[in-house]
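Participant: Input structure: query_21.tsv, which contains TSV, C-alpha atoms.
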```
chain	number	residue	atom	x	y	z
A	21	MET	CA	0.00	0.00	0.00
A	22	ASP	CA	1.36	3.40	-0.98
A	23	TYR	CA	1.07	6.19	1.56
A	24	SER	CA	3.34	8.70	-0.16
A	25	ARG	CA	1.99	12.05	-1.31
A	26	ALA	CA	3.71	14.91	-3.10
A	27	ARG	CA	3.51	18.44	-1.73
A	28	GLN	CA	0.53	20.26	-3.24
A	29	ASP	CA	0.35	23.88	-4.39
A	30	ASP	CA	-1.31	26.09	-1.82
A	31	ASN	CA	-4.19	27.05	-4.11
A	32	SER	CA	-6.97	25.21	-2.32
A	33	GLN	CA	-9.95	27.17	-1.06
A	34	GLY	CA	-11.92	26.29	2.04
A	35	GLY	CA	-15.69	26.18	2.11
A	36	SER	CA	-18.44	25.04	-0.21
A	37	GLU	CA	-20.49	26.92	-2.76
A	38	SER	CA	-23.49	24.67	-3.48
A	39	ILE	CA	-25.59	22.01	-1.83
A	40	TYR	CA	-28.08	19.57	-3.35
A	41	ILE	CA	-30.37	17.35	-1.32
A	42	PHE	CA	-32.55	14.34	-2.10
A	43	GLU	CA	-34.46	11.71	-0.17
A	44	PHE	CA	-32.61	8.55	0.80
A	45	VAL	CA	-33.89	5.49	-1.04
A	46	LYS	CA	-32.35	2.12	-0.19
A	47	TYR	CA	-30.82	0.64	-3.35
A	48	THR	CA	-29.02	-2.65	-3.76
A	49	ARG	CA	-25.28	-2.48	-4.15
A	50	SER	CA	-25.68	-3.65	-7.76
A	51	GLN	CA	-27.66	-0.47	-8.56
A	52	ILE	CA	-24.80	1.79	-7.47
A	53	THR	CA	-21.29	1.68	-8.91
A	54	VAL	CA	-18.27	3.44	-7.43
A	55	VAL	CA	-14.89	3.22	-9.21
A	56	ASN	CA	-11.81	4.66	-7.49
A	57	ASP	CA	-14.02	6.73	-5.15
A	58	PHE	CA	-16.02	8.20	-8.09
A	59	LEU	CA	-19.73	7.47	-8.46
A	60	THR	CA	-20.30	6.17	-12.00
A	61	VAL	CA	-23.76	4.56	-11.84
A	62	PHE	CA	-26.80	5.63	-9.79
A	63	PRO	CA	-30.54	5.12	-10.33
A	64	ALA	CA	-32.47	8.00	-11.94
A	65	THR	CA	-33.02	10.57	-9.20
A	66	THR	CA	-34.13	14.19	-8.91
A	67	ILE	CA	-31.99	16.40	-6.68
A	68	TYR	CA	-32.88	19.83	-5.29
A	69	LYS	CA	-30.51	22.76	-4.90
A	70	ILE	CA	-30.78	24.62	-1.63
A	71	GLU	CA	-29.49	28.18	-1.48
A	72	ALA	CA	-27.45	27.75	1.68
A	73	ASP	CA	-24.65	29.50	3.52
A	74	ALA	CA	-22.02	28.35	6.00
A	75	ILE	CA	-21.83	24.88	4.38
A	76	SER	CA	-19.50	22.63	6.36
A	77	PHE	CA	-18.50	19.01	5.70
A	78	ASP	CA	-16.37	16.85	8.00
A	79	GLU	CA	-15.45	13.19	7.70
A	80	ASP	CA	-13.92	11.51	10.74
A	81	VAL	CA	-12.03	8.36	9.80
A	82	THR	CA	-11.65	5.43	12.21
A	83	ASP	CA	-13.01	1.95	11.50
A	84	SER	CA	-15.78	3.73	9.56
A	85	TYR	CA	-16.32	7.14	7.98
A	86	GLU	CA	-18.41	9.41	10.19
A	87	GLN	CA	-19.77	12.08	7.86
A	88	LYS	CA	-21.21	15.37	9.12
A	89	ILE	CA	-22.64	18.23	7.13
A	90	SER	CA	-24.17	21.45	8.34
A	91	PHE	CA	-25.51	24.52	6.58
A	92	GLN	CA	-27.70	27.56	7.10
A	93	VAL	CA	-30.72	28.80	5.18
A	94	ASN	CA	-31.41	32.50	5.70
A	95	LYS	CA	-34.73	33.98	6.83
A	96	ILE	CA	-37.63	32.11	8.39
A	97	LEU	CA	-40.70	32.17	6.13
A	98	SER	CA	-44.25	31.01	6.88
A	99	THR	CA	-44.20	29.00	3.62
A	100	ASP	CA	-41.14	26.90	4.56
A	101	LYS	CA	-41.82	23.17	4.84
A	102	PHE	CA	-38.55	21.88	6.25
A	103	ARG	CA	-40.01	19.52	8.88
A	104	ASN	CA	-39.58	16.47	6.58
A	105	LEU	CA	-35.83	17.10	6.60
A	106	ALA	CA	-35.84	16.07	10.25
A	107	LEU	CA	-38.26	13.15	9.82
A	108	GLN	CA	-36.56	11.11	7.11
A	109	ASP	CA	-33.09	10.30	5.81
A	110	PHE	CA	-31.41	12.12	2.93
A	111	ARG	CA	-28.39	12.10	0.69
A	112	VAL	CA	-26.53	15.34	0.10
A	113	ILE	CA	-24.21	16.50	-2.68
A	114	ILE	CA	-21.88	19.40	-1.99
A	115	LYS	CA	-19.73	21.35	-4.42
A	116	ASP	CA	-16.76	22.82	-2.64
A	117	ASN	CA	-14.87	25.96	-3.59
A	118	ASN	CA	-12.29	23.79	-5.42
A	119	ASN	CA	-15.05	22.47	-7.77
A	120	ASN	CA	-15.10	19.02	-6.16
A	121	LEU	CA	-18.51	17.35	-6.01
A	122	ARG	CA	-19.04	14.86	-3.15
A	123	LEU	CA	-22.04	12.65	-2.36
A	124	ILE	CA	-22.54	12.21	1.38
A	125	GLY	CA	-24.59	9.37	2.85
A	126	LEU	CA	-24.41	7.13	-0.22
A	127	GLN	CA	-25.16	3.75	1.40
A	128	THR	CA	-26.81	4.66	4.71
A	129	GLY	CA	-28.31	8.11	4.19
A	130	LEU	CA	-28.03	11.05	6.54
A	131	SER	CA	-30.32	11.71	9.47
A	132	GLY	CA	-30.61	15.24	10.72
A	133	ASN	CA	-32.25	18.02	12.56
A	134	PHE	CA	-32.60	21.75	12.33
A	135	THR	CA	-33.18	24.71	14.56
A	136	LYS	CA	-34.97	27.96	13.80
A	137	THR	CA	-32.99	30.95	15.00
A	138	LEU	CA	-34.22	34.53	15.28
A	139	GLY	CA	-31.26	35.98	17.15
A	140	THR	CA	-31.46	38.81	19.67
A	141	ASN	CA	-30.04	41.74	17.70
A	142	LEU	CA	-30.75	43.19	14.24
A	143	SER	CA	-27.39	41.92	12.96
A	144	ASP	CA	-27.89	38.33	14.26
A	145	PHE	CA	-28.59	35.39	11.99
A	146	ASN	CA	-32.27	34.76	11.22
A	147	GLY	CA	-32.98	31.39	9.63
A	148	TYR	CA	-32.41	27.66	9.90
A	149	ASN	CA	-29.36	25.73	11.08
A	150	PHE	CA	-29.28	22.20	9.60
A	151	ASN	CA	-27.09	19.34	10.85
A	152	PHE	CA	-26.89	15.89	9.26
A	153	THR	CA	-24.75	12.88	10.24
A	154	THR	CA	-24.13	9.29	9.18
A	155	LYS	CA	-21.59	6.50	9.36
A	156	GLU	CA	-20.47	4.88	6.11
A	157	GLU	CA	-18.08	2.05	5.38
A	158	ASN	CA	-16.46	4.09	2.57
A	159	THR	CA	-15.45	7.70	2.09
A	160	ALA	CA	-17.88	10.24	0.59
A	161	THR	CA	-17.75	9.55	-3.13
A	162	TYR	CA	-16.74	12.08	-5.75
A	163	LEU	CA	-18.77	12.97	-8.84
A	164	THR	CA	-17.31	14.22	-12.11
A	165	ASP	CA	-20.47	16.29	-12.66
A	166	LEU	CA	-24.21	16.16	-11.93
A	167	SER	CA	-25.18	14.31	-15.14
A	168	LEU	CA	-26.32	11.21	-13.18
A	169	PHE	CA	-29.12	13.32	-11.68
A	170	THR	CA	-32.03	15.52	-12.72
A	171	ILE	CA	-32.06	18.92	-11.03
A	172	GLY	CA	-35.57	19.77	-9.83
```
Mind turning this structure into structure tokens?

Facilitator:
Amino acid sequence: MDYSRARQDDNSQGGSESIYIFEFVKYTRSQITVVNDFLTVFPATTIYKIEADAISFDEDVTDSYEQKISFQVNKILSTDKFRNLALQDFRVIIKDNNNNLRLIGLQTGLSGNFTKTLGTNLSDFNGYNFNFTTKEENTATYLTDLSLFTIG
């Protein structure tokens, strides 16, 4: 096993620019294909872009891959219907500021919760704080693009 790695240019940017979310559906392993950590086959699925801020992804590696994602959606509206995000499992795709696309919760889905926050001052955050977690046996897979999905 090769653990060597060349020094990389310091041109990497922290943070993420986009997030896509879709309901977790249990598929057989034969319906999903991952080659060298890249997702190459996935059943036809519609994904939904969420205009989010403060997108954070962490993956703790031990005997499994504990994946955590959090993000914020600004402004609480009476028309928001986010309760289902806390009642069922999801998969999430993030696009980071280095143009990497990652699918989180591929085999087990992500369970999560959210809080509504009004703040106490005019300059405080007003909106939703979402937090999702899962444990996977493999790392969050990469995508070359979003062509495996339909954007709703």

Participant: In Å, how far is it from atom CA of Asn149 of chain A to atom CA of Val93 of chain A?

Facilitator: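 Atom CA of Asn149 of chain A sits 6.8 Å away from atom CA of Val93 of chain A.
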
Participant: Give the answer as one residue: which of A:Val55, A:Leu166, A:Ile89, A:Leu138 has the shortest atom-to-atom distance to Thr153 of chain A, using only C-alpha atoms?

Facilitator: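 Closest to Thr153 of chain A of all the choices is A:Ile89.
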
Participant: So the first atom is atom CA of Asn117 of chain A and the second is atom CA of Leu97 of chain A; what is the distance between them in Å, to one decimal place?

Facilitator: 28.3 Å

Participant: Grab the atom CA of Ile52 of chain A to atom CA of Gly125 of chain A distance for me, in Å with one decimal place.

Facilitator: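 That distance, rounded to one decimal, is 12.8 Å.
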
Participant: Find the spatial neighbours of Ile67 of chain A, counting all atoms listed in the file, within a cut-off of 10 Å - ignore same-chain residues fewer than 4 positions away - and output them as a PDB file with C-alpha atoms, in the frame of the given file.

Facilitator:
```pdb
ATOM      1  CA  ILE A  39     -25.590  22.010  -1.830  1.00  0.00           C
ATOM      2  CA  TYR A  40     -28.080  19.570  -3.350  1.00  0.00           C
ATOM      3  CA  ILE A  41     -30.370  17.350  -1.320  1.00  0.00           C
ATOM      4  CA  PHE A  42     -32.550  14.340  -2.100  1.00  0.00           C
ATOM      5  CA  GLU A  43     -34.460  11.710  -0.170  1.00  0.00           C
ATOM      6  CA  ARG A 111     -28.390  12.100   0.690  1.00  0.00           C
ATOM      7  CA  VAL A 112     -26.530  15.340   0.100  1.00  0.00           C
ATOM      8  CA  ILE A 113     -24.210  16.500  -2.680  1.00  0.00           C
ATOM      9  CA  LEU A 166     -24.210  16.160 -11.930  1.00  0.00           C
ATOM     10  CA  PHE A 169     -29.120  13.320 -11.680  1.00  0.00           C
ATOM     11  CA  THR A 170     -32.030  15.520 -12.720  1.00  0.00           C
ATOM     12  CA  ILE A 171     -32.060  18.920 -11.030  1.00  0.00           C
ATOM     13  CA  GLY A 172     -35.570  19.770  -9.830  1.00  0.00           C
TER      14      GLY A 172
END
```

Participant: Hey, what's within 9 Å of Ala72 of chain A if we count all atoms listed in the file and toss same-chain stuff fewer than 6 positions away? As a ChimeraX atom specification, please?

Facilitator: /A:37-39,91-94

Participant: Counting all atoms listed in the file, figure out which residue out of A:Asn151, A:Asn56, A:Thr164, A:Asn158 gets nearest to Thr135 of chain A.

Facilitator: A:Asn151

Participant: Would you kindly identify which residues have an atom no farther than 7 Å from (-14.6, 16.7, -8.0), using all atoms listed in the file and the file's own coordinates, and write them out as a ChimeraX atom specification?

Facilitator: /A:119-122,162-164

Participant: What would the list of residues within 10 Å of (-22.0, 10.8, 8.0) (file frame) look like as a PyMOL selection string, if only C-alpha atoms are what count?

Facilitator: chain A and resi 77-80+84-89+111+124-126+128-131+152-157+159-160

Participant: Which is closer to Leu59 of chain A than all the others in A:Thr140, A:Gln108, A:Asn146, A:Thr161, using only C-alpha atoms?

Facilitator: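 For Leu59 of chain A, the nearest of the given residues is A:Thr161.
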
Participant: Identify which of the residues A:Thr60, A:Ser143, A:Thr82, A:Phe110 lies closest to Asp165 of chain A, counting only C-alpha atoms when measuring atom-to-atom distances.

Facilitator: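 Among the listed residues, the smallest separation from Asp165 of chain A belongs to A:Thr60.
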
Participant: Check the smallest atom-to-atom distance from each of A:Ile96, A:Ala106, A:Ile114, A:Val61 to Ser36 of chain A using all atoms listed in the file, then report the winner.

Facilitator: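 That would be A:Ile114, the residue with the smallest distance to Ser36 of chain A.
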
Participant: Considering only C-alpha atoms, can you say which of A:Asn118, A:Asn133, A:Ser50, A:Ser76 comes closest to Phe102 of chain A?

Facilitator: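 Of all the options, A:Asn133 lies closest to Phe102 of chain A.
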